[in-house]
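Q: Input file: entry-v5.cif. Contents: mmCIF, C-alpha atoms.
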```cif
data_entry
loop_
_atom_site.label_atom_id
_atom_site.label_comp_id
_atom_site.auth_asym_id
_atom_site.auth_seq_id
_atom_site.Cartn_x
_atom_site.Cartn_y
_atom_site.Cartn_z
CA MET A 22 11.28 -38.76 -7.84
CA THR A 23 11.89 -38.29 -4.12
CA ARG A 24 14.05 -35.26 -4.83
CA ALA A 25 11.29 -33.72 -7.01
CA LEU A 26 8.67 -34.26 -4.29
CA GLY A 27 10.95 -32.62 -1.75
CA LEU A 28 11.41 -29.57 -3.98
CA LEU A 29 7.63 -29.34 -4.55
CA SER A 30 7.03 -29.46 -0.78
CA LEU A 31 9.49 -26.60 -0.22
CA LEU A 32 7.79 -24.51 -2.90
CA LEU A 33 4.37 -25.10 -1.38
CA LEU A 34 5.58 -24.19 2.09
CA GLY A 35 7.22 -21.05 0.75
CA GLY A 36 4.00 -20.02 -0.96
CA LEU A 37 1.99 -20.49 2.22
CA ALA A 38 4.49 -18.43 4.21
CA ALA A 39 4.48 -15.61 1.66
CA GLY A 40 0.69 -15.45 1.63
CA ALA A 41 0.18 -15.75 5.39
CA VAL A 42 -1.91 -13.00 7.00
CA PRO A 43 -0.16 -11.39 10.00
CA LYS A 44 -1.94 -12.09 13.25
CA GLN A 45 -3.26 -9.35 15.52
CA PRO A 46 -1.20 -8.72 18.67
CA LYS A 47 -2.19 -11.00 21.55
CA GLY A 48 -5.51 -9.98 23.11
CA VAL A 49 -6.37 -7.57 20.27
CA VAL A 50 -9.60 -8.20 18.37
CA GLU A 51 -9.57 -5.32 15.88
CA SER A 52 -7.58 -2.28 14.71
CA LEU A 53 -8.61 1.34 14.14
CA ASN A 54 -7.02 3.27 11.27
CA LEU A 55 -7.09 6.94 10.29
CA ASP A 56 -8.59 7.80 6.92
CA ASN A 57 -6.29 10.83 6.63
CA GLY A 58 -2.93 9.50 7.85
CA LEU A 59 0.23 10.32 5.88
CA ASN A 60 2.71 7.95 4.22
CA ARG A 61 5.71 9.50 5.98
CA GLY A 62 8.25 8.19 8.46
CA GLU A 63 8.61 4.78 10.08
CA TRP A 64 6.17 2.72 12.12
CA GLY A 65 7.22 2.41 15.75
CA PRO A 66 6.67 -0.50 18.12
CA ILE A 67 3.22 -1.70 19.12
CA ALA A 68 2.45 -0.68 22.71
CA LEU A 69 -0.39 -2.47 24.51
CA CYS A 70 -2.05 -2.13 27.89
CA PRO A 71 -1.40 -5.09 30.22
CA ASP A 72 -3.80 -8.04 29.88
CA GLY A 73 -7.24 -7.24 31.28
CA SER A 74 -6.89 -3.45 31.07
CA THR A 75 -7.88 -0.78 28.55
CA ALA A 76 -7.19 2.92 28.00
CA PHE A 77 -9.11 5.53 30.01
CA ALA A 78 -6.87 8.61 29.55
CA PHE A 79 -4.39 9.96 27.01
CA GLU A 80 -2.09 12.87 26.31
CA ILE A 81 -0.13 14.18 23.35
CA LYS A 82 3.36 15.62 23.10
CA TYR A 83 3.00 18.77 21.03
CA SER A 84 5.40 21.23 19.42
CA GLY A 85 3.99 24.55 18.22
CA THR A 86 4.98 26.33 15.03
CA GLY A 87 7.67 28.98 14.63
CA TYR A 88 10.79 26.83 14.22
CA ALA A 89 13.06 26.14 11.25
CA ASP A 90 11.34 22.76 10.80
CA ASP A 91 7.92 22.74 12.45
CA THR A 92 6.15 19.63 13.70
CA CYS A 93 2.97 19.31 15.74
CA VAL A 94 2.15 16.03 17.54
CA ASN A 95 5.39 14.24 18.47
CA ALA A 96 4.02 11.38 20.58
CA ILE A 97 0.82 9.87 22.02
CA ARG A 98 0.55 8.24 25.44
CA LEU A 99 -2.31 6.04 26.66
CA TYR A 100 -3.09 5.38 30.33
CA CYS A 101 -4.56 1.98 31.17
CA GLN A 102 -6.85 0.74 33.93
CA ASP A 103 -8.29 -2.64 34.91
CA SER A 104 -11.94 -3.49 35.52
CA ALA A 105 -11.61 -2.29 39.12
CA GLY A 106 -10.48 1.17 37.95
CA SER A 107 -6.86 0.79 39.08
CA LEU A 108 -4.05 2.28 36.97
CA THR A 109 -2.04 -0.55 35.40
CA ALA A 110 0.36 1.23 33.01
CA SER A 111 1.03 4.07 30.60
CA VAL A 112 2.09 3.06 27.09
CA THR A 113 3.76 4.98 24.27
CA SER A 114 4.96 3.97 20.82
CA SER A 115 7.70 6.01 19.10
CA GLU A 116 8.35 9.48 20.60
CA GLY A 117 9.58 12.49 18.63
CA SER A 118 12.28 14.88 19.81
CA TYR A 119 10.25 18.06 20.16
CA GLY A 120 7.42 19.57 22.16
CA GLN A 121 5.92 19.23 25.61
CA TRP A 122 3.31 16.88 27.05
CA LYS A 123 -0.06 18.64 27.17
CA GLY A 124 -1.55 16.82 30.16
CA MET A 125 -3.89 13.88 30.70
CA ARG A 126 -7.36 13.89 29.16
CA THR A 127 -9.36 11.50 31.32
CA CYS A 128 -12.72 9.76 30.82
CA PRO A 129 -15.32 9.89 33.62
CA GLY A 130 -14.99 7.14 36.23
CA GLY A 131 -15.43 3.63 34.90
CA GLU A 132 -15.31 4.61 31.21
CA ASN A 133 -12.74 3.74 28.56
CA PHE A 134 -12.00 4.89 25.01
CA ASN A 135 -13.75 3.29 22.07
CA ALA A 136 -13.15 5.65 19.11
CA MET A 137 -10.58 8.05 17.66
CA ARG A 138 -10.05 10.64 14.97
CA ALA A 139 -7.17 13.00 14.11
CA ASN A 140 -6.57 16.42 12.61
CA VAL A 141 -3.83 15.96 9.99
CA VAL A 142 -2.13 18.53 7.77
CA PRO A 143 -1.84 17.20 4.19
CA ASP A 144 1.57 16.96 2.53
CA MET A 145 2.73 20.50 1.78
CA GLY A 146 4.81 19.74 -1.30
CA THR A 147 8.44 20.40 -2.15
CA PHE A 148 8.63 23.92 -0.76
CA GLY A 149 6.16 23.63 2.16
CA ASP A 150 6.82 22.67 5.78
CA ASP A 151 5.11 19.37 6.57
CA LEU A 152 3.46 19.28 10.01
CA GLY A 153 1.85 15.83 10.20
CA MET A 154 -0.80 15.28 12.86
CA ASP A 155 -1.99 18.52 14.46
CA ASN A 156 -4.41 17.15 17.06
CA LEU A 157 -6.09 13.97 18.30
CA GLN A 158 -9.50 13.27 19.81
CA LEU A 159 -10.65 10.11 21.58
CA GLN A 160 -14.21 9.23 22.56
CA CYS A 161 -15.11 7.70 25.93
CA SER A 162 -17.55 4.79 26.15
CA GLY A 163 -20.17 7.14 27.63
CA GLY A 164 -20.00 9.45 24.60
CA ASN A 165 -17.73 12.25 25.89
CA VAL A 166 -15.06 13.42 23.43
CA LEU A 167 -11.64 14.44 24.78
CA ASP A 168 -9.29 16.71 22.83
CA GLY A 169 -5.50 16.35 22.98
CA LEU A 170 -4.81 20.09 22.79
CA TYR A 171 -7.73 21.59 24.70
CA GLY A 172 -9.14 18.89 26.95
CA THR A 173 -12.64 19.10 25.52
CA PRO A 174 -13.58 20.21 22.01
CA ALA A 175 -15.01 23.68 21.59
CA LYS A 176 -18.76 23.68 21.14
CA GLY A 177 -20.38 25.79 18.46
CA GLN A 178 -21.92 29.00 19.71
CA GLY A 179 -25.11 28.54 17.72
CA PRO A 180 -26.36 30.44 14.67
CA MET A 181 -26.43 34.20 14.43
CA VAL A 182 -28.50 36.53 12.27
CA VAL A 183 -26.49 38.45 9.68
CA ARG A 184 -28.00 41.51 8.01
CA GLU A 185 -26.45 42.94 4.87
CA MET A 186 -27.49 45.82 2.61
CA LYS A 187 -27.39 44.96 -1.08
CA ASN A 188 -28.04 46.99 -4.21
CA LEU A 189 -30.80 45.56 -6.36
CA GLY A 190 -31.06 47.57 -9.55
CA ASP A 191 -31.73 51.15 -8.54
CA ARG A 192 -32.70 50.45 -4.94
CA GLU A 193 -31.03 49.20 -1.76
CA VAL A 194 -32.53 46.19 0.07
CA GLU A 195 -31.72 44.42 3.30
CA ALA A 196 -30.71 40.73 3.03
CA VAL A 197 -31.14 38.64 6.18
CA HIS A 198 -29.59 35.16 6.54
CA MET A 199 -28.33 32.78 9.19
CA LYS A 200 -24.65 32.07 9.70
CA LEU A 201 -23.00 29.51 12.00
CA ARG A 202 -20.35 30.91 14.31
CA LYS A 203 -16.99 29.18 14.37
CA SER A 204 -16.04 27.34 17.55
CA ALA A 205 -13.94 29.12 20.17
CA HIS A 206 -10.73 27.39 19.13
CA ALA A 207 -11.36 26.24 15.57
CA ARG A 208 -8.07 25.25 13.96
CA ASP A 209 -6.99 25.80 10.38
CA LEU A 210 -3.73 23.83 10.27
CA GLY A 211 -5.27 20.53 9.14
CA GLU A 212 -8.44 18.60 8.46
CA TRP A 213 -10.35 16.31 10.82
CA GLY A 214 -10.79 12.78 9.54
CA ALA A 215 -13.74 10.49 10.15
CA TRP A 216 -14.26 8.71 13.47
CA ALA A 217 -12.90 5.16 13.67
CA ASN A 218 -14.88 3.11 16.22
CA CYS A 219 -14.31 -0.14 18.07
CA SER A 220 -17.13 -2.65 17.71
CA VAL A 221 -19.77 -2.64 20.45
CA GLY A 222 -18.29 -3.87 23.71
CA ASN A 223 -14.64 -3.41 22.68
CA LYS A 224 -12.32 -0.71 24.04
CA ILE A 225 -9.01 0.81 22.95
CA CYS A 226 -6.10 -1.05 24.52
CA GLY A 227 -2.97 0.02 22.63
CA LEU A 228 -1.41 1.95 19.78
CA GLN A 229 1.29 2.17 17.15
CA VAL A 230 2.44 5.49 15.66
CA ARG A 231 4.20 6.39 12.46
CA LEU A 232 6.90 8.99 13.12
CA GLU A 233 9.19 11.12 10.98
CA ASP A 234 11.75 12.66 13.29
CA ASP A 235 15.23 14.13 13.77
CA HIS A 236 16.54 14.31 10.21
CA LEU A 237 19.08 17.12 10.07
CA VAL A 238 18.57 18.14 6.44
CA GLU A 239 15.08 16.77 5.73
CA ASP A 240 11.59 18.15 6.42
CA ASP A 241 10.20 16.14 9.35
CA ALA A 242 6.47 15.81 10.02
CA GLY A 243 6.49 14.32 13.55
CA VAL A 244 3.65 11.84 14.09
CA SER A 245 2.05 11.29 10.69
CA ASP A 246 -0.29 8.36 11.38
CA VAL A 247 -1.55 6.14 14.20
CA ILE A 248 -3.19 2.74 14.58
CA MET A 249 -5.13 1.99 17.73
CA PHE A 250 -6.07 -1.50 18.87
CA CYS A 251 -9.32 -2.65 20.46
CA CYS A 252 -9.67 -5.42 23.05
CA ASN A 253 -12.78 -6.97 24.56
#
```
Is it possible to express this structure as structure tokens?

A:
Amino acid sequence: MTRALGLLSLLLLGGLAAGAVPKQPKGVVESLNLDNGLNRGEWGPIALCPDGSTAFAFEIKYSGTGYADDTCVNAIRLYCQDSAGSLTASVTSSEGSYGQWKGMRTCPGGENFNAMRANVVPDMGTFGDDLGMDNLQLQCSGGNVLDGLYGTPAKGQGPMVVREMKNLGDREVEAVHMKLRKSAHARDLGEWGAWANCSVGNKICGLQVRLEDDHLVEDDAGVSDVIMFCCN
């Protein structure tokens, strides 16, 4: 009887362990996920700002196209500050082998990041060259959006009037319609996902990237996904 009770206790403990929900990293209250990330590569380590600080600037490591195996974003770095505005650290998860750092994109004084979205190239199939994440944007708490490649996103140039001559039966008529101009540096390598936002009052304080890198005979995609963490 005692032996049976002991076995039952072990089974119950095993079931609880198997069903346990992983805890958030210390100090983290929520996670932000991309809706267009790729299931490629391996998740790197979680990198968090020191206690009491959150991210106010970031930069991406980027490799352009034109190589035997192209990749785009190869790493993401966050810069952290405390409530007094003093730099406390820079944090990076896994870093790919290729590209150059594009420079810091910094929020106005006293602001921190609270939202993110990414431009990701979908899987290109057996004969295509997978590129992974092509760009990243973070939003400051005051509403400004910073762009990993260009600093600030291109703004639309407004609508323009387009006039076309069309044949209607046996006569020619002028068709007039409005057309939106493309932005100054609109990209066509990937698609922008939806914004992922921290809850009100929370700010981004760390990240974890998924990276596919440095396989000699395989098609690498570089950074394919990212999770960002919010602290309060």

Q: Can you tell me how far CA of Pro66 in chain A sits from CA of Lys123 in chain A, in Å to one decimal?

A: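 Pair CA of Pro66 in chain A / CA of Lys123 in chain A returns 22.2 Å.
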
Q: Within 10 Å of Val49 in chain A, counting all atoms listed in the file, which residues show up once you throw out same-chain ones fewer than 6 positions away? Write them as a PyMOL selection string, please.

A: chain A and resi 69+72+223-227+249-253

Q: Quick one, how far is CA of Val247 in chain A from CA of Val230 in chain A?

A: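 These atoms are spaced 4.3 Å apart.
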
Q: Please provide the set of residues having any atom within 9 Å of Gly85 in chain A, restricted to all atoms listed in the file, with same-chain residues fewer than 5 positions apart removed, written as a list in words.

A: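 Here the qualifying residues turn out to be Asp91, Thr92, Cys93, Val94 and Gly120 of chain A.
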
Q: With all atoms listed in the file as the atoms that count, which of A:Asp155, A:Asp103, A:Asp168, A:Glu116 lies nearest to Gly131 in chain A?

A: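 Under the stated criterion, the closest residue is A:Asp103.
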
Q: Using the chain letters and numbering of this document, enumerate as number ranges by chain the residues selected by the PyMOL selection byres ((chain A and resi 111) around 12).

A: A: 68-71, 74-80, 97-102, 108-110, 112-114, 125, 226-228

Q: May I have the residues from that selection written out with C-alpha atoms, as a short mmCIF file (atom, residue, chain, number, x, y, z; two decimals), in the frame of the given file?

A:
```
data_model
loop_
_atom_site.label_atom_id
_atom_site.label_comp_id
_atom_site.auth_asym_id
_atom_site.auth_seq_id
_atom_site.Cartn_x
_atom_site.Cartn_y
_atom_site.Cartn_z
CA ALA A 68 2.45 -0.68 22.71
CA LEU A 69 -0.39 -2.47 24.51
CA CYS A 70 -2.05 -2.13 27.89
CA PRO A 71 -1.40 -5.09 30.22
CA SER A 74 -6.89 -3.45 31.07
CA THR A 75 -7.88 -0.78 28.55
CA ALA A 76 -7.19 2.92 28.00
CA PHE A 77 -9.11 5.53 30.01
CA ALA A 78 -6.87 8.61 29.55
CA PHE A 79 -4.39 9.96 27.01
CA GLU A 80 -2.09 12.87 26.31
CA ILE A 97 0.82 9.87 22.02
CA ARG A 98 0.55 8.24 25.44
CA LEU A 99 -2.31 6.04 26.66
CA TYR A 100 -3.09 5.38 30.33
CA CYS A 101 -4.56 1.98 31.17
CA GLN A 102 -6.85 0.74 33.93
CA LEU A 108 -4.05 2.28 36.97
CA THR A 109 -2.04 -0.55 35.40
CA ALA A 110 0.36 1.23 33.01
CA VAL A 112 2.09 3.06 27.09
CA THR A 113 3.76 4.98 24.27
CA SER A 114 4.96 3.97 20.82
CA MET A 125 -3.89 13.88 30.70
CA CYS A 226 -6.10 -1.05 24.52
CA GLY A 227 -2.97 0.02 22.63
CA LEU A 228 -1.41 1.95 19.78
#
```

Q: Return the single residue from A:Pro129, A:Gly124, A:Gly222, A:Gly214 that is closest to Leu157 in chain A, with distances computed using only C-alpha atoms.

A: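 Among the listed residues, A:Gly214 lies closest to Leu157 in chain A.
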
Q: Which distance in Å separates CA of Tyr171 in chain A and CA of Gly106 in chain A, to one decimal?

A: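 These two atoms are separated by 24.5 Å.
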
Q: Any idea what's packed within 7 Å of Ala217 in chain A, counting all atoms listed in the file, ignoring anything in its chain fewer than 4 positions away? Could you give it as a ChimeraX atom specification?

A: /A:53-55,136-138

Q: Considering all atoms listed in the file, state which residue in the set A:Ala215, A:Leu159, A:Ile67, A:Leu210 is at the smallest distance from Asp144 in chain A.

A: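 Selected residue with least distance to Asp144 in chain A: A:Leu210.
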
Q: Give me the residues within 12 Å of Asn60 in chain A as an mmCIF file with C-alpha atoms, keeping the file's coordinate frame, counting all atoms listed in the file and dropping any in the same chain fewer than 3 places off.

A:
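Saved the output as out_35.cif:
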```cif
data_model
loop_
_atom_site.group_PDB
_atom_site.id
_atom_site.type_symbol
_atom_site.label_atom_id
_atom_site.label_comp_id
_atom_site.auth_asym_id
_atom_site.auth_seq_id
_atom_site.Cartn_x
_atom_site.Cartn_y
_atom_site.Cartn_z
ATOM 1 C CA LEU A 55 -7.090 6.940 10.290
ATOM 2 C CA ASP A 56 -8.590 7.800 6.920
ATOM 3 C CA ASN A 57 -6.290 10.830 6.630
ATOM 4 C CA GLU A 63 8.610 4.780 10.080
ATOM 5 C CA TRP A 64 6.170 2.720 12.120
ATOM 6 C CA VAL A 141 -3.830 15.960 9.990
ATOM 7 C CA PRO A 143 -1.840 17.200 4.190
ATOM 8 C CA ASP A 144 1.570 16.960 2.530
ATOM 9 C CA ASP A 151 5.110 19.370 6.570
ATOM 10 C CA GLY A 153 1.850 15.830 10.200
ATOM 11 C CA MET A 154 -0.800 15.280 12.860
ATOM 12 C CA VAL A 230 2.440 5.490 15.660
ATOM 13 C CA ARG A 231 4.200 6.390 12.460
ATOM 14 C CA LEU A 232 6.900 8.990 13.120
ATOM 15 C CA GLU A 233 9.190 11.120 10.980
ATOM 16 C CA ALA A 242 6.470 15.810 10.020
ATOM 17 C CA GLY A 243 6.490 14.320 13.550
ATOM 18 C CA VAL A 244 3.650 11.840 14.090
ATOM 19 C CA SER A 245 2.050 11.290 10.690
ATOM 20 C CA ASP A 246 -0.290 8.360 11.380
ATOM 21 C CA VAL A 247 -1.550 6.140 14.200
#
```

Q: Step by step: start from the point (7.7, 17.1, 26.0) in the file's coordinates, keep every protein, DNA or RNA residue that has an atom no farther than 10 Å from it, count all atoms listed in the file, and write the set as a PyMOL selection string.

A: chain A and resi 81-84+95-96+116-123

Q: Between A:Thr173, A:Ser52, A:Ser162, A:Ser220, which has the minimum distance to Arg126 in chain A (counting all atoms listed in the file)?

A: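 Using all atoms listed in the file, Arg126 in chain A sits closest to A:Thr173.
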
Q: So that I can check the surroundings of Asn156 in chain A, please list as a PyMOL selection string every protein, DNA and RNA residue that reaches within 7 Å of it, counting only C-alpha atoms and ignoring chain neighbours fewer than 2 positions away.

A: chain A and resi 94+139-140+154+158+169-170
